[in-house]
Amino acid sequence: MTDASNKTFTLTNDQTGESVVLPVLDGVDGPSVIDVRKLYAQTGHFTYDPGFRATGSCDSALTYIDGEQGILLHRGYAIEELANKSDYMEVCYLLLHGNLPSAAAKSEFEHTITHHTMVHDQIHNFFRGFRRDAHPMAIMCGVVGALSAFYHDHTDVNSAEDRLISAHRLIAKIPTIAAMAYKYSIGQPFMFPRNDLSYAANFLHMTFGVPAATYEPDPVLSRAMDKIFILHADHEQNASTSTVRIAGSSGANPYAVIAAGIASLWGPAHGGANEAVLTMLDQIGDKSRIPEFVKKAKDPDDPFRLMGFGHRVYKNFDPRAKIMKEAADEVLDLLGLSDPRLELARELERIALEDDYFVQRKLYPNVDFYSGIILKAMGFPTEMFTVLFALARTVGWISQWKEMMENPDGIFRPRQLYTGEAQRPYVSLDQR
């Protein structure tokens, strides 16, 4: 971020004629921002932006999105290149440290993560406090938040060493906890991690393996899982990431901060979109009914919406969607599945993209449109979809938190436009 001293923005009060000159800040790319930090001191006014849709809440060097052009970059690298040429561990290192690792650095990082995947044995007992039918995301919120009670030796948020150790622990242990949440819900014993497997393969082993038989994750499924993790690793200042930054700004420990992010992600408007796509496809049921539902989607008086189309940020196309679609084809071909949902999804995509209504509004399929189909084909129940999102996004959350703690701006404290009652006298009970 640069302060272009020759670039300013002038606000003028139409009633008083008073003006205030505000500096304009330039980033590396994307729109410039008007610096309003001193606006209240100079004018006595706050800005008003419900939902923060036109507010830059921070500066960050991690992720850049150009919604108009359909561009997603992590530390300057295009998501397409990372998904097709890299792996999740390398992307984790990139987000945490700013650059792609050397061969030696990558090997050391993978060793560190691999040897932190075990969880404290008493966490096994902690799980037994949950009902068997508890939602896996409820378990994730509780267990991740409780990690500070098991790993309280390196939680000094002002220590660079402690921050990095916490980051490593979270990235390593989240897959183990996610797999345990799944196993607990179906009544199967927990599977210990294996140090000889890759990050994604190890997660599949802990999720689908059983003690009575040897489970060897298929390389195609492992690679598809790895791609899903990459595609969800970070996505700028979305609801859960903003939650992480807000919680972290108070100095809260990193485990509580990530638990807050998981809670925010759980919302159906954020992390539950791919599950909603499957529900919609089941509602449509058959290709012959697609025109009927497309018509409903175009009717402003009908509450039905085509889930998985369009995006709050991407106004053109979601660059992750094409990669996810290719991964879906690979997984279904490997498994020999002819999923009627996928055929229905493909036909729905074709019809929608030939319809002027959707083309003019740039309502293209997003990453959620295909991810649910892949995960279902791999054997994950729908209640695990958001858990997998949280697993992948943990590195983004902890990287955003780490970046914020390295350059703190103080506790987040938004203001408001008060619309309640003006001050009034208290009336005693017998007078009301």
# chains A, B, ... in the order shown; residues from 1 in each chain; ligands from 1
call {"tool": "residues_around", "arguments": {"residues": "Ala78 of chain A", "least_positions_apart": "6", "cutoff": "10 Å", "atoms": "only C-alpha atoms", "output": "PyMOL selection string"}}
result
chain A and resi 63-64+71-72+319
call {"tool": "select_by_dssp", "arguments": {"residues": "segment 59-225 of chain A", "states": "strand (DSSP E or B)", "output": "VMD selection string"}}
result
chain A and resid 63 to 66 71 to 74 77 to 78 210 213
call {"tool": "atom_distance", "arguments": {"atom1": "atom CA of Ser32 of chain A", "atom2": "atom CA of Tyr364 of chain A"}}
result
27.0 Å
call {"tool": "closest_residue", "arguments": {"among": "A:Pro136, A:Pro31, A:Pro175, A:Pro50", "to": "Pro381 of chain A", "atoms": "only C-alpha atoms"}}
result
A:Pro136
call {"tool": "closest_atom_pairs", "arguments": {"of": "segment 318-406 of chain A", "to": "segment 199-216 of chain A", "cutoff": "12 Å", "atoms": "only C-alpha atoms", "output": "CSV"}}
result
residue,atom,partner,partner_atom,distance
A:Leu375,CA,A:Leu204,CA,11.6
A:Met378,CA,A:Leu204,CA,9.5
A:Gly379,CA,A:Phe208,CA,8.5
A:Phe380,CA,A:Thr207,CA,9.0
A:Pro381,CA,A:Thr207,CA,11.5
A:Met384,CA,A:Thr207,CA,10.7
A:Leu388,CA,A:Phe203,CA,10.2
A:Leu391,CA,A:Phe203,CA,10.1
A:Ala392,CA,A:Ala200,CA,10.2
call {"tool": "closest_residue", "arguments": {"among": "A:Ile373, A:Ala181, A:Met307, A:Asp156", "to": "Leu337 of chain A", "atoms": "only C-alpha atoms"}}
result
A:Ile373
call {"tool": "closest_residue", "arguments": {"among": "A:Asp368, A:Gln360, A:Ala345, A:Ile230", "to": "Ala269 of chain A", "atoms": "only C-alpha atoms"}}
result
A:Asp368
call {"tool": "residues_around", "arguments": {"residues": "Leu353 of chain A", "least_positions_apart": "3", "cutoff": "9 Å", "atoms": "only C-alpha atoms", "output": "list in words"}}
result
Leu348, Glu349, Arg350, Asp356, Tyr357, Phe358, Val359, Lys362, Leu363, Tyr364 and Pro365 of chain A
call {"tool": "atom_distance", "arguments": {"atom1": "atom CA of Phe412 of chain A", "atom2": "atom CA of Gly248 of chain A"}}
result
9.1 Å
call {"tool": "closest_residue", "arguments": {"among": "A:His45, A:Arg53, A:His152, A:Lys227", "to": "Met89 of chain A", "atoms": "only C-alpha atoms"}}
result
A:Lys227
call {"tool": "closest_residue", "arguments": {"among": "A:Pro217, A:Ser86, A:Phe192, A:Gly27", "to": "Pro101 of chain A", "atoms": "only C-alpha atoms"}}
result
A:Ser86
call {"tool": "residues_around", "arguments": {"residues": "Tyr77 of chain A", "least_positions_apart": "3", "cutoff": "10 Å", "atoms": "only C-alpha atoms", "output": "list in words"}}
result
Thr63, Tyr64, Leu72, Leu73, His74, Glu80, Glu81, Leu82, Val91, Leu94, Asn99 and Leu100 of chain A
call {"tool": "residues_around", "arguments": {"residues": "Met405 of chain A", "least_positions_apart": "2", "cutoff": "9 Å", "atoms": "only C-alpha atoms", "output": "list in words"}}
result
Val157, Asn158, Ala160, Arg163, Gly248, Ser249, Gly251, Gln400, Trp401, Lys402, Glu403, Asn407, Pro408 and Asp409 of chain A
call {"tool": "residues_around", "arguments": {"residues": "Leu306 of chain A", "least_positions_apart": "6", "cutoff": "12 Å", "atoms": "only C-alpha atoms", "output": "short mmCIF file (atom, residue, chain, number, x, y, z; two decimals) with N, CA, C and O atoms, in the first residue's frame"}}
result
data_model
loop_
_atom_site.label_atom_id
_atom_site.label_comp_id
_atom_site.auth_asym_id
_atom_site.auth_seq_id
_atom_site.Cartn_x
_atom_site.Cartn_y
_atom_site.Cartn_z
N ALA A 273 -22.84 -23.55 1.00
CA ALA A 273 -23.41 -23.38 -0.34
C ALA A 273 -23.37 -24.65 -1.17
O ALA A 273 -24.29 -24.93 -1.94
N ASN A 274 -22.28 -25.46 -1.05
CA ASN A 274 -22.22 -26.67 -1.87
C ASN A 274 -23.27 -27.70 -1.45
O ASN A 274 -23.79 -28.45 -2.27
N ALA A 276 -26.17 -26.81 -0.37
CA ALA A 276 -27.41 -26.26 -0.93
C ALA A 276 -27.56 -26.61 -2.41
O ALA A 276 -28.69 -26.77 -2.90
N VAL A 277 -26.44 -26.75 -3.13
CA VAL A 277 -26.49 -27.13 -4.54
C VAL A 277 -27.07 -28.53 -4.68
O VAL A 277 -27.94 -28.78 -5.53
N LEU A 278 -26.61 -29.46 -3.84
CA LEU A 278 -27.13 -30.83 -3.91
C LEU A 278 -28.62 -30.86 -3.58
O LEU A 278 -29.39 -31.60 -4.20
N THR A 279 -29.01 -30.08 -2.58
CA THR A 279 -30.43 -30.00 -2.22
C THR A 279 -31.25 -29.50 -3.40
O THR A 279 -32.35 -30.02 -3.69
N MET A 280 -30.74 -28.48 -4.10
CA MET A 280 -31.43 -27.94 -5.26
C MET A 280 -31.54 -28.97 -6.38
O MET A 280 -32.61 -29.14 -6.99
N LEU A 281 -30.45 -29.70 -6.66
CA LEU A 281 -30.48 -30.71 -7.71
C LEU A 281 -31.48 -31.81 -7.39
O LEU A 281 -32.19 -32.31 -8.27
N GLN A 283 -34.12 -31.34 -5.63
CA GLN A 283 -35.43 -30.71 -5.79
C GLN A 283 -35.86 -30.71 -7.26
O GLN A 283 -37.02 -30.98 -7.57
N ILE A 284 -34.90 -30.42 -8.15
CA ILE A 284 -35.22 -30.44 -9.59
C ILE A 284 -35.53 -31.86 -10.03
O ILE A 284 -36.51 -32.12 -10.74
N ILE A 290 -35.78 -29.05 -15.74
CA ILE A 290 -34.87 -27.90 -15.67
C ILE A 290 -35.52 -26.62 -16.19
O ILE A 290 -35.44 -25.57 -15.52
N PRO A 291 -36.19 -26.62 -17.37
CA PRO A 291 -36.81 -25.37 -17.84
C PRO A 291 -37.80 -24.78 -16.84
O PRO A 291 -37.88 -23.56 -16.69
N GLU A 292 -38.52 -25.65 -16.16
CA GLU A 292 -39.48 -25.20 -15.15
C GLU A 292 -38.78 -24.42 -14.03
O GLU A 292 -39.24 -23.35 -13.62
N PHE A 293 -37.64 -24.97 -13.56
CA PHE A 293 -36.93 -24.33 -12.46
C PHE A 293 -36.12 -23.12 -12.92
O PHE A 293 -35.92 -22.18 -12.15
N VAL A 294 -35.67 -23.13 -14.16
CA VAL A 294 -35.01 -21.94 -14.70
C VAL A 294 -36.00 -20.79 -14.76
O VAL A 294 -35.68 -19.63 -14.42
N LYS A 295 -37.23 -21.10 -15.17
CA LYS A 295 -38.29 -20.08 -15.21
C LYS A 295 -38.57 -19.54 -13.82
O LYS A 295 -38.75 -18.32 -13.62
N LYS A 296 -38.60 -20.43 -12.83
CA LYS A 296 -38.82 -20.01 -11.44
C LYS A 296 -37.69 -19.09 -10.96
O LYS A 296 -37.94 -18.10 -10.25
N ALA A 297 -36.46 -19.43 -11.34
CA ALA A 297 -35.31 -18.63 -10.92
C ALA A 297 -35.36 -17.22 -11.49
O ALA A 297 -34.86 -16.27 -10.88
N LYS A 298 -35.97 -17.08 -12.66
CA LYS A 298 -36.05 -15.77 -13.31
C LYS A 298 -37.22 -14.93 -12.83
O LYS A 298 -37.30 -13.73 -13.12
N ASP A 299 -38.13 -15.56 -12.10
CA ASP A 299 -39.31 -14.87 -11.59
C ASP A 299 -38.95 -14.13 -10.30
O ASP A 299 -38.66 -14.77 -9.28
N ALA A 345 -26.51 -31.56 -13.27
CA ALA A 345 -25.76 -30.31 -13.10
C ALA A 345 -25.20 -29.83 -14.43
O ALA A 345 -25.25 -28.63 -14.75
N LEU A 348 -28.05 -28.44 -16.49
CA LEU A 348 -28.49 -27.16 -15.93
C LEU A 348 -27.50 -26.06 -16.29
O LEU A 348 -27.90 -24.95 -16.66
N GLU A 349 -26.20 -26.38 -16.20
CA GLU A 349 -25.17 -25.41 -16.57
C GLU A 349 -25.32 -25.02 -18.04
O GLU A 349 -25.28 -23.83 -18.39
N ALA A 352 -28.54 -22.87 -18.59
CA ALA A 352 -28.43 -21.55 -17.96
C ALA A 352 -27.47 -20.65 -18.73
O ALA A 352 -27.73 -19.45 -18.90
N PHE A 358 -29.28 -15.19 -17.66
CA PHE A 358 -28.11 -15.50 -16.84
C PHE A 358 -26.83 -14.92 -17.43
O PHE A 358 -25.95 -14.47 -16.70
N LEU A 363 -24.23 -14.66 -14.36
CA LEU A 363 -24.46 -15.67 -13.33
C LEU A 363 -23.86 -17.00 -13.79
O LEU A 363 -24.54 -17.90 -14.28
N TYR A 364 -22.55 -17.12 -13.64
CA TYR A 364 -21.83 -18.33 -14.05
C TYR A 364 -21.71 -19.28 -12.87
O TYR A 364 -21.77 -18.88 -11.70
N PRO A 365 -21.48 -20.58 -13.13
CA PRO A 365 -21.28 -21.53 -12.03
C PRO A 365 -20.06 -21.15 -11.20
O PRO A 365 -19.03 -20.74 -11.74
N ASN A 366 -20.18 -21.28 -9.88
CA ASN A 366 -19.04 -21.00 -9.00
C ASN A 366 -18.47 -22.30 -8.45
O ASN A 366 -18.91 -23.39 -8.81
N ASP A 368 -18.76 -23.84 -5.73
CA ASP A 368 -19.66 -24.70 -4.97
C ASP A 368 -20.53 -25.58 -5.86
O ASP A 368 -21.09 -26.58 -5.41
N PHE A 369 -20.67 -25.19 -7.13
CA PHE A 369 -21.57 -25.91 -8.03
C PHE A 369 -21.13 -27.36 -8.21
O PHE A 369 -21.96 -28.26 -8.31
#
call {"tool": "decode", "arguments": {"residues": "segment 259-292 of chain A", "atoms": "C-alpha atoms", "output": "tab-separated table (two decimals), in the first residue's frame"}}
result
chain	number	residue	atom	x	y	z
A	259	ALA	CA	-12.85	-21.53	16.34
A	260	ALA	CA	-14.56	-18.17	15.74
A	261	GLY	CA	-13.79	-18.50	12.03
A	262	ILE	CA	-15.26	-22.01	11.98
A	263	ALA	CA	-18.45	-20.74	13.65
A	264	SER	CA	-18.80	-18.00	11.03
A	265	LEU	CA	-18.15	-20.44	8.18
A	266	TRP	CA	-20.92	-22.71	9.44
A	267	GLY	CA	-23.56	-20.27	8.20
A	268	PRO	CA	-25.46	-21.49	5.11
A	269	ALA	CA	-24.77	-18.20	3.32
A	270	HIS	CA	-21.02	-18.87	3.56
A	271	GLY	CA	-19.70	-22.41	3.92
A	272	GLY	CA	-22.90	-24.34	3.30
A	273	ALA	CA	-23.41	-23.38	-0.34
A	274	ASN	CA	-22.22	-26.67	-1.87
A	275	GLU	CA	-24.67	-28.60	0.29
A	276	ALA	CA	-27.41	-26.26	-0.93
A	277	VAL	CA	-26.49	-27.13	-4.54
A	278	LEU	CA	-27.13	-30.83	-3.91
A	279	THR	CA	-30.43	-30.00	-2.22
A	280	MET	CA	-31.43	-27.94	-5.26
A	281	LEU	CA	-30.48	-30.71	-7.71
A	282	ASP	CA	-32.54	-33.17	-5.69
A	283	GLN	CA	-35.43	-30.71	-5.79
A	284	ILE	CA	-35.22	-30.44	-9.59
A	285	GLY	CA	-34.95	-34.22	-9.80
A	286	ASP	CA	-34.90	-34.74	-13.58
A	287	LYS	CA	-33.49	-33.02	-16.67
A	288	SER	CA	-37.00	-32.58	-18.05
A	289	ARG	CA	-37.84	-30.25	-15.16
A	290	ILE	CA	-34.87	-27.90	-15.67
A	291	PRO	CA	-36.81	-25.37	-17.84
A	292	GLU	CA	-39.48	-25.20	-15.15
